[in-house]
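Asks: Take this structure, written in structure tokens, and hold onto it; I'll ask about it next.
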Amino acid sequence: MQTAQQQSIIAALDIGTNKITVAVGEADGQDALSVLGFGKVSAYGVHAGSVQDVEMLVDSIRKAVDEAEQMAGCRITSVTAALTGKHLHSINKVGRLVLPEGEVDNNAVKRATRLAMTFDAKTDAKSEDDRLVSHVIKGYTIDNDDDNLLEDPVGMAGNVLQAHAHLAVGSDSVVLNLVKCIRRAGLDVEGLVLQPWASAAGTLTPTERELGVIMLDIGAGAVDVACYENGRISYTAVVPYGGDLITRDIASGLNCSIAAADEIKLTYGHIGVRREDAYETIRYTFEPTGEEKTVTNERVVEIITARCEEMLIAIGKHWLAQDRWFEKAAAGIVMTGGVTNLPGFLELAQSIYHLPVRQGLPAAQKGAALSLAAPEDSTVIGVLLETLRRRRLSGTELRRHGRWDAFTGALKRIVFGDFSG
């Protein structure tokens with residue numbers, strides 16, 4: 001069995017609250033992605049991106065890797081991993097540099113970029129553990145022309161150069177513990193991709209990004225938020241809600257086990273009470289006594305609908321409305337993640353947000369031997385696509401700047417994120 005590195009194959013790892021997924025992909029000469037295999041196992045030792053038990057998580061990672069290796073027919077020695085965390089938030093900053101010579105050179109671009117990436121723990125952090133975990137340089141402007149973002153301003157005339165950066169801030173311990181677990185599972189870490197950015201890479205179209213769009217990846221333990229305008233990321237957040245809250249409400253309302261509540265949700269759940277729900281009977285075990293009880297599906301649907309409404313309203317009020325994203329998102333809202341499979345959920349979101357809503361599915365892989373079409377796989381496919389893009393960017397830098405500059409640029413992207421918009 002050959003290694004992924006010998007074949008220039010990409011391996012992606014997505015650690016969710018309920019599932020751990022490993023996907024193996026390969027790009028052809030036109031950079032079209034083919035998915036060769038994947039492994040998906042139950043997650044243990046992790047919740048909402050935070051490690052709870054190192055040994056249990058390491059064992060889960062190994063099992064997912066084993067499944068992916070068997071399907072893909074190659075050995076995985078390194079992965080790019082999706083990074084999240086309940087305290088993840090973002091800041092848009094501007095680095096402003098006066099140009100004494102009246103012209104932009106490479107040194108001016110570097111200095112302005114460093115100023116934009118300056119992280120001040122006193123003003124930018126929400127907790128003592130916060131650090132800069134990733135970033136994107138959105139572009140550069142000269143003087144007062146704020147509407148014209150430039151990718152490469154070198155050689156242009158002006159008095160003031162401004163670098164515009166989108167900084168993602170999160171817990172230092174979350175990053176360190178994630179990397180520790182991956183390495184203890186016997187893998188090298190090729191890079192880290194923020195989970196919201198990965199889900200966006202796997203589902204959004206270029207037109208949606210340009211017009212303005214809200215991406216919500218609603219998983220079991222958290223909601224990843226990524227908002228774009230003018231083709232660039234402008235807002236990133238992780239909301240501490242998810243499908244597990246629905247399951248827990250059912251368990252509390254019926255006094256049944258979490259496992260039974262999850263099965264009831266997946267089998268009978270939908271949004272909005274239907275006439276036939278009052279006549280459909282669900283049998284379950286009453287956990288305190290072990291006796292069998294029954295409940296109408298109407299009661300279950302009422303619980304699910306109430307929690308989903310509350311969750312969507314809270315996301316809109318506390319994470320989206322403050323920056324007027326409902327006005328900026330001309331392309332509407334793209335929702336992905338397992339919760340979006342709940343019948344009626346997308347329609348409920350559209351009625352609450354008053355914007356077009358579509359379900360985001362993983363981007364099509366041309367000529368793929370295996371296609372991942374489920375919304376819960378959007379993140380892992382996005383990690384593959386983002387890794388492919390970074391490798392292509394590193395190759396461009398290698399040809400343009402030489403091996404040493406390309407190496408240092410790649411190292412920075414592994415540790416901090418991407419410099420491109």
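Just so we're on the same page: first chain in the structure tokens is A, next is B, and so on; residues restart at 1 for each chain, and ligands are numbered from 1 in the order they show up.
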Report as an MDAnalysis selection string all protein, DNA and RNA residues lying within 9 Å of A:Val189, evaluated on only C-alpha atoms, omitting residues in the same chain fewer than 2 positions from it.

Replies: chainID A and resid 77:81 179 182:183 187 191:192 414

Asks: If you keep N, CA and C atoms, can you produce a file of those selected residues as a JSON list (two decimals), in the first residue's frame?

Replies:
[["chain", "number", "residue", "atom", "x", "y", "z"],
["A", 77, "THR", "N", -0.52, 9.30, 5.98],
["A", 77, "THR", "CA", 0.51, 9.67, 6.96],
["A", 77, "THR", "C", 0.38, 11.12, 7.43],
["A", 78, "SER", "N", -0.39, 11.94, 6.70],
["A", 78, "SER", "CA", -0.62, 13.31, 7.15],
["A", 78, "SER", "C", -2.00, 13.75, 6.72],
["A", 79, "VAL", "N", -2.56, 14.70, 7.45],
["A", 79, "VAL", "CA", -3.90, 15.19, 7.16],
["A", 79, "VAL", "C", -3.94, 16.71, 7.32],
["A", 80, "THR", "N", -4.90, 17.31, 6.64],
["A", 80, "THR", "CA", -5.28, 18.68, 6.94],
["A", 80, "THR", "C", -6.57, 18.59, 7.74],
["A", 81, "ALA", "N", -6.62, 19.27, 8.88],
["A", 81, "ALA", "CA", -7.74, 19.11, 9.80],
["A", 81, "ALA", "C", -8.60, 20.36, 9.87],
["A", 179, "VAL", "N", -3.99, 19.35, 17.66],
["A", 179, "VAL", "CA", -2.75, 18.91, 17.01],
["A", 179, "VAL", "C", -2.12, 17.76, 17.78],
["A", 182, "ILE", "N", -4.00, 14.50, 16.96],
["A", 182, "ILE", "CA", -3.72, 14.03, 15.60],
["A", 182, "ILE", "C", -2.34, 13.36, 15.54],
["A", 183, "ARG", "N", -1.36, 13.98, 16.17],
["A", 183, "ARG", "CA", -0.01, 13.42, 16.16],
["A", 183, "ARG", "C", 0.07, 12.12, 16.96],
["A", 187, "LEU", "N", -0.19, 10.66, 12.90],
["A", 187, "LEU", "CA", -0.30, 11.46, 11.68],
["A", 187, "LEU", "C", 0.44, 12.78, 11.80],
["A", 191, "GLY", "N", -1.83, 20.94, 7.67],
["A", 191, "GLY", "CA", -2.38, 22.28, 7.87],
["A", 191, "GLY", "C", -3.67, 22.22, 8.65],
["A", 192, "LEU", "N", -4.17, 23.39, 9.01],
["A", 192, "LEU", "CA", -5.45, 23.53, 9.69],
["A", 192, "LEU", "C", -6.32, 24.49, 8.89],
["A", 414, "ILE", "N", 0.36, 27.00, 7.26],
["A", 414, "ILE", "CA", 0.08, 25.86, 8.12],
["A", 414, "ILE", "C", -0.21, 26.33, 9.54]]

Asks: Which residues come within 6 Å of stretch 379-391 of chain A, counting only C-alpha atoms, excluding same-chain residues fewer than 4 positions away, as a short mmCIF file (atom, residue, chain, number, x, y, z; two decimals) with N, CA and C atoms, in the first residue's frame?

Replies:
data_model
loop_
_atom_site.label_atom_id
_atom_site.label_comp_id
_atom_site.auth_asym_id
_atom_site.auth_seq_id
_atom_site.Cartn_x
_atom_site.Cartn_y
_atom_site.Cartn_z
N ALA A 12 -8.13 14.65 4.42
CA ALA A 12 -8.79 15.65 5.25
C ALA A 12 -9.43 14.99 6.46
N ASP A 14 -12.17 15.76 9.67
CA ASP A 14 -13.19 16.61 10.28
C ASP A 14 -13.65 15.95 11.57
N ALA A 198 -14.04 25.99 5.74
CA ALA A 198 -14.07 24.72 5.00
C ALA A 198 -15.48 24.43 4.48
N SER A 199 -16.48 24.61 5.33
CA SER A 199 -17.87 24.37 4.91
C SER A 199 -18.26 25.31 3.78
N ALA A 201 -16.14 26.62 1.59
CA ALA A 201 -15.41 26.16 0.40
C ALA A 201 -16.11 24.98 -0.25
N GLY A 202 -16.78 24.16 0.57
CA GLY A 202 -17.43 22.97 0.05
C GLY A 202 -18.82 23.20 -0.50
#

Asks: I'd like the neighbourhood of A:Thr294 as a list in words, where a residue qualifies if any of its atoms comes within 12 Å (using only C-alpha atoms), though same-chain residues fewer than 5 positions away should be ignored.

Replies: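 Here the answer would be Leu254, Asn255, Cys256, Ile264, Tyr279, Glu280, Thr281, Ile282, Arg283, Tyr284, Thr285, Phe286, Arg299 and Val300 of chain A.
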
Asks: Tell me, as a PyMOL selection string, which residues lie within 12 Å of A:Thr84, counting only C-alpha atoms; anything in the same chain fewer than 5 positions away does not count.

Replies: chain A and resi 14-17+46-51+89+133-134+168-175+177-178+192-199+217+219+221-225+236-240+379

Asks: How about saving the chosen residues, C-alpha atoms kept, as a PDB file, in the first residue's frame?

Replies:
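Below is the file that was written, result06.pdb:
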ATOM      1  CA  ASP A  14     -13.191  16.615  10.282  1.00  0.00           C
ATOM      2  CA  ILE A  15     -13.753  16.063  14.008  1.00  0.00           C
ATOM      3  CA  GLY A  16     -17.392  16.667  14.887  1.00  0.00           C
ATOM      4  CA  THR A  17     -19.308  16.214  18.104  1.00  0.00           C
ATOM      5  CA  VAL A  46     -14.663  15.491  21.940  1.00  0.00           C
ATOM      6  CA  HIS A  47     -17.486  18.006  22.141  1.00  0.00           C
ATOM      7  CA  ALA A  48     -18.032  21.131  20.024  1.00  0.00           C
ATOM      8  CA  GLY A  49     -14.417  21.069  18.870  1.00  0.00           C
ATOM      9  CA  SER A  50     -12.929  20.804  22.364  1.00  0.00           C
ATOM     10  CA  VAL A  51     -11.025  17.696  23.416  1.00  0.00           C
ATOM     11  CA  HIS A  89     -14.763  34.764  16.678  1.00  0.00           C
ATOM     12  CA  VAL A 133      -5.538  31.103  14.947  1.00  0.00           C
ATOM     13  CA  SER A 134      -6.011  31.998  11.276  1.00  0.00           C
ATOM     14  CA  ALA A 168      -9.987  34.561  13.358  1.00  0.00           C
ATOM     15  CA  VAL A 169      -9.417  34.427  17.108  1.00  0.00           C
ATOM     16  CA  GLY A 170      -9.839  31.292  19.196  1.00  0.00           C
ATOM     17  CA  SER A 171      -8.626  29.288  22.125  1.00  0.00           C
ATOM     18  CA  ASP A 172      -4.940  28.431  22.187  1.00  0.00           C
ATOM     19  CA  SER A 173      -5.642  25.202  24.087  1.00  0.00           C
ATOM     20  CA  VAL A 174      -8.150  24.007  21.466  1.00  0.00           C
ATOM     21  CA  VAL A 175      -5.510  24.285  18.740  1.00  0.00           C
ATOM     22  CA  ASN A 177      -4.923  19.745  21.978  1.00  0.00           C
ATOM     23  CA  LEU A 178      -6.255  19.080  18.473  1.00  0.00           C
ATOM     24  CA  LEU A 192      -5.451  23.528   9.695  1.00  0.00           C
ATOM     25  CA  VAL A 193      -8.554  25.006   8.055  1.00  0.00           C
ATOM     26  CA  LEU A 194     -11.233  26.781  10.040  1.00  0.00           C
ATOM     27  CA  GLN A 195     -14.398  24.711   9.962  1.00  0.00           C
ATOM     28  CA  PRO A 196     -16.638  27.617   8.862  1.00  0.00           C
ATOM     29  CA  TRP A 197     -14.264  28.403   5.973  1.00  0.00           C
ATOM     30  CA  ALA A 198     -14.071  24.724   4.997  1.00  0.00           C
ATOM     31  CA  SER A 199     -17.866  24.368   4.908  1.00  0.00           C
ATOM     32  CA  ASP A 217     -23.247  24.791   9.013  1.00  0.00           C
ATOM     33  CA  GLY A 219     -23.943  20.342  13.245  1.00  0.00           C
ATOM     34  CA  GLY A 221     -22.679  20.495  18.793  1.00  0.00           C
ATOM     35  CA  ALA A 222     -22.251  23.888  17.131  1.00  0.00           C
ATOM     36  CA  VAL A 223     -23.244  26.162  14.254  1.00  0.00           C
ATOM     37  CA  ASP A 224     -20.375  27.414  12.091  1.00  0.00           C
ATOM     38  CA  VAL A 225     -21.023  30.827  10.565  1.00  0.00           C
ATOM     39  CA  THR A 236     -16.666  34.213  11.106  1.00  0.00           C
ATOM     40  CA  ALA A 237     -18.204  32.764  14.260  1.00  0.00           C
ATOM     41  CA  VAL A 238     -19.059  29.527  16.045  1.00  0.00           C
ATOM     42  CA  VAL A 239     -22.434  29.443  17.812  1.00  0.00           C
ATOM     43  CA  PRO A 240     -22.860  27.032  20.774  1.00  0.00           C
ATOM     44  CA  THR A 379     -16.752  20.381   5.854  1.00  0.00           C
TER      45      THR A 379
END

Asks: For stretch 308-318 of chain A, work out the shell of residues within 7 Å, counting only C-alpha atoms and skipping chain neighbours fewer than 4 positions away, then give it as a PyMOL selection string.

Replies: chain A and resi 241+304+322+349

Asks: Given the selection you just returned, output its residues as a file containing N, CA and C atoms, formatted as an mmCIF file, in the first residue's frame.

Replies:
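Saved the output as again38.cif:
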data_model
loop_
_atom_site.group_PDB
_atom_site.id
_atom_site.type_symbol
_atom_site.label_atom_id
_atom_site.label_comp_id
_atom_site.auth_asym_id
_atom_site.auth_seq_id
_atom_site.Cartn_x
_atom_site.Cartn_y
_atom_site.Cartn_z
ATOM 1 N N TYR A 241 -24.824 26.221 19.592
ATOM 2 C CA TYR A 241 -26.091 25.500 19.450
ATOM 3 C C TYR A 241 -25.861 24.331 18.501
ATOM 4 N N ILE A 304 -39.580 19.552 18.833
ATOM 5 C CA ILE A 304 -38.556 19.825 17.811
ATOM 6 C C ILE A 304 -38.752 21.211 17.208
ATOM 7 N N GLN A 322 -26.707 42.151 14.206
ATOM 8 C CA GLN A 322 -25.915 43.287 14.694
ATOM 9 C C GLN A 322 -25.074 43.930 13.594
ATOM 10 N N ALA A 349 -36.501 28.246 8.381
ATOM 11 C CA ALA A 349 -35.459 29.277 8.357
ATOM 12 C C ALA A 349 -35.836 30.412 7.418
#

Asks: Identify all residues of stretch 203-357 of chain A in strand (DSSP E) (DSSP on the backbone) and supply them as a count of residues only.

Replies: 36

Asks: Which of these residues is nearest to A:Lys265, using only C-alpha atoms: A:Asn18, A:Thr296, A:Asn92, A:Thr247?

Replies: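 Using only C-alpha atoms, the shortest distance to A:Lys265 belongs to A:Thr247.
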
Asks: Between A:Gly269, A:Gly39, A:Gly290, A:Pro362, which residue has the minimum interatomic distance to A:Glu67, considering only C-alpha atoms?

Replies: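 Between A:Gly269, A:Gly39, A:Gly290, A:Pro362, the residue approaching A:Glu67 most closely is A:Gly39.
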
Asks: Give the helix (DSSP H, G or I) residues of stretch 61-267 of chain A, as DSSP finds them on the backbone, and put them as an MDAnalysis selection string.

Replies: chainID A and resid 61:72 106:116 121:124 172:184 195:203 206:211 243:254 258:267

Asks: Env of stretch 342-346 of chain A: 8 Å cut, atoms = only C-alpha atoms, seq-sep filter 3 positions within chain, self excluded. Answer as a ChimeraX atom specification.

Replies: /A:266,269-272,308,335,338-339,349-350,357-359

Asks: Write the selection just made, keeping C-alpha atoms, as a PDB file, in the first residue's frame?

Replies:
ATOM      1  CA  LEU A 266     -34.229  10.875  13.104  1.00  0.00           C
ATOM      2  CA  GLY A 269     -38.934  14.264  13.393  1.00  0.00           C
ATOM      3  CA  HIS A 270     -39.997  17.148  11.182  1.00  0.00           C
ATOM      4  CA  ILE A 271     -40.908  20.816  11.511  1.00  0.00           C
ATOM      5  CA  GLY A 272     -44.543  21.872  11.935  1.00  0.00           C
ATOM      6  CA  CYS A 308     -35.502  24.916  16.097  1.00  0.00           C
ATOM      7  CA  MET A 335     -27.441  25.998   5.170  1.00  0.00           C
ATOM      8  CA  GLY A 338     -26.937  17.204   9.392  1.00  0.00           C
ATOM      9  CA  VAL A 339     -29.733  19.238  10.997  1.00  0.00           C
ATOM     10  CA  ALA A 349     -35.459  29.277   8.357  1.00  0.00           C
ATOM     11  CA  GLN A 350     -36.779  31.109   5.305  1.00  0.00           C
ATOM     12  CA  VAL A 357     -32.557  29.641   1.801  1.00  0.00           C
ATOM     13  CA  ARG A 358     -31.020  26.650   0.066  1.00  0.00           C
ATOM     14  CA  GLN A 359     -29.364  23.495   1.357  1.00  0.00           C
TER      15      GLN A 359
END

Asks: For atom CA of A:Gly85 and atom CA of A:Leu204, quote the distance in Å rounded to one decimal.

Replies: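 Atom-to-atom, atom CA of A:Gly85 to atom CA of A:Leu204, that is 21.9 Å.
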
Asks: Give me the residues within 8 Å of A:Gly158 as a PyMOL selection string, counting only C-alpha atoms and dropping any in the same chain fewer than 6 places off.

Replies: chain A and resi 99+102-104+142-143

Asks: Could the residues in this selection be written to a file with N, CA and C atoms, as a PDB file, in the first residue's frame?

Replies:
ATOM      1  N   LEU A  99       3.144  56.396   2.875  1.00  0.00           N
ATOM      2  CA  LEU A  99       4.140  56.122   1.844  1.00  0.00           C
ATOM      3  C   LEU A  99       4.970  57.382   1.595  1.00  0.00           C
ATOM      4  N   GLY A 102       5.669  57.999  -1.995  1.00  0.00           N
ATOM      5  CA  GLY A 102       4.513  58.132  -2.880  1.00  0.00           C
ATOM      6  C   GLY A 102       4.298  56.968  -3.808  1.00  0.00           C
ATOM      7  N   GLU A 103       4.917  55.809  -3.499  1.00  0.00           N
ATOM      8  CA  GLU A 103       4.756  54.622  -4.341  1.00  0.00           C
ATOM      9  C   GLU A 103       4.821  53.366  -3.479  1.00  0.00           C
ATOM     10  N   VAL A 104       4.050  52.352  -3.865  1.00  0.00           N
ATOM     11  CA  VAL A 104       3.994  51.092  -3.120  1.00  0.00           C
ATOM     12  C   VAL A 104       5.076  50.139  -3.617  1.00  0.00           C
ATOM     13  N   ILE A 142      -5.594  52.063  -1.582  1.00  0.00           N
ATOM     14  CA  ILE A 142      -4.673  53.203  -1.597  1.00  0.00           C
ATOM     15  C   ILE A 142      -5.454  54.486  -1.372  1.00  0.00           C
ATOM     16  N   ASP A 143      -4.979  55.284  -0.438  1.00  0.00           N
ATOM     17  CA  ASP A 143      -5.610  56.552  -0.062  1.00  0.00           C
ATOM     18  C   ASP A 143      -7.054  56.310   0.366  1.00  0.00           C
TER      19      ASP A 143
END
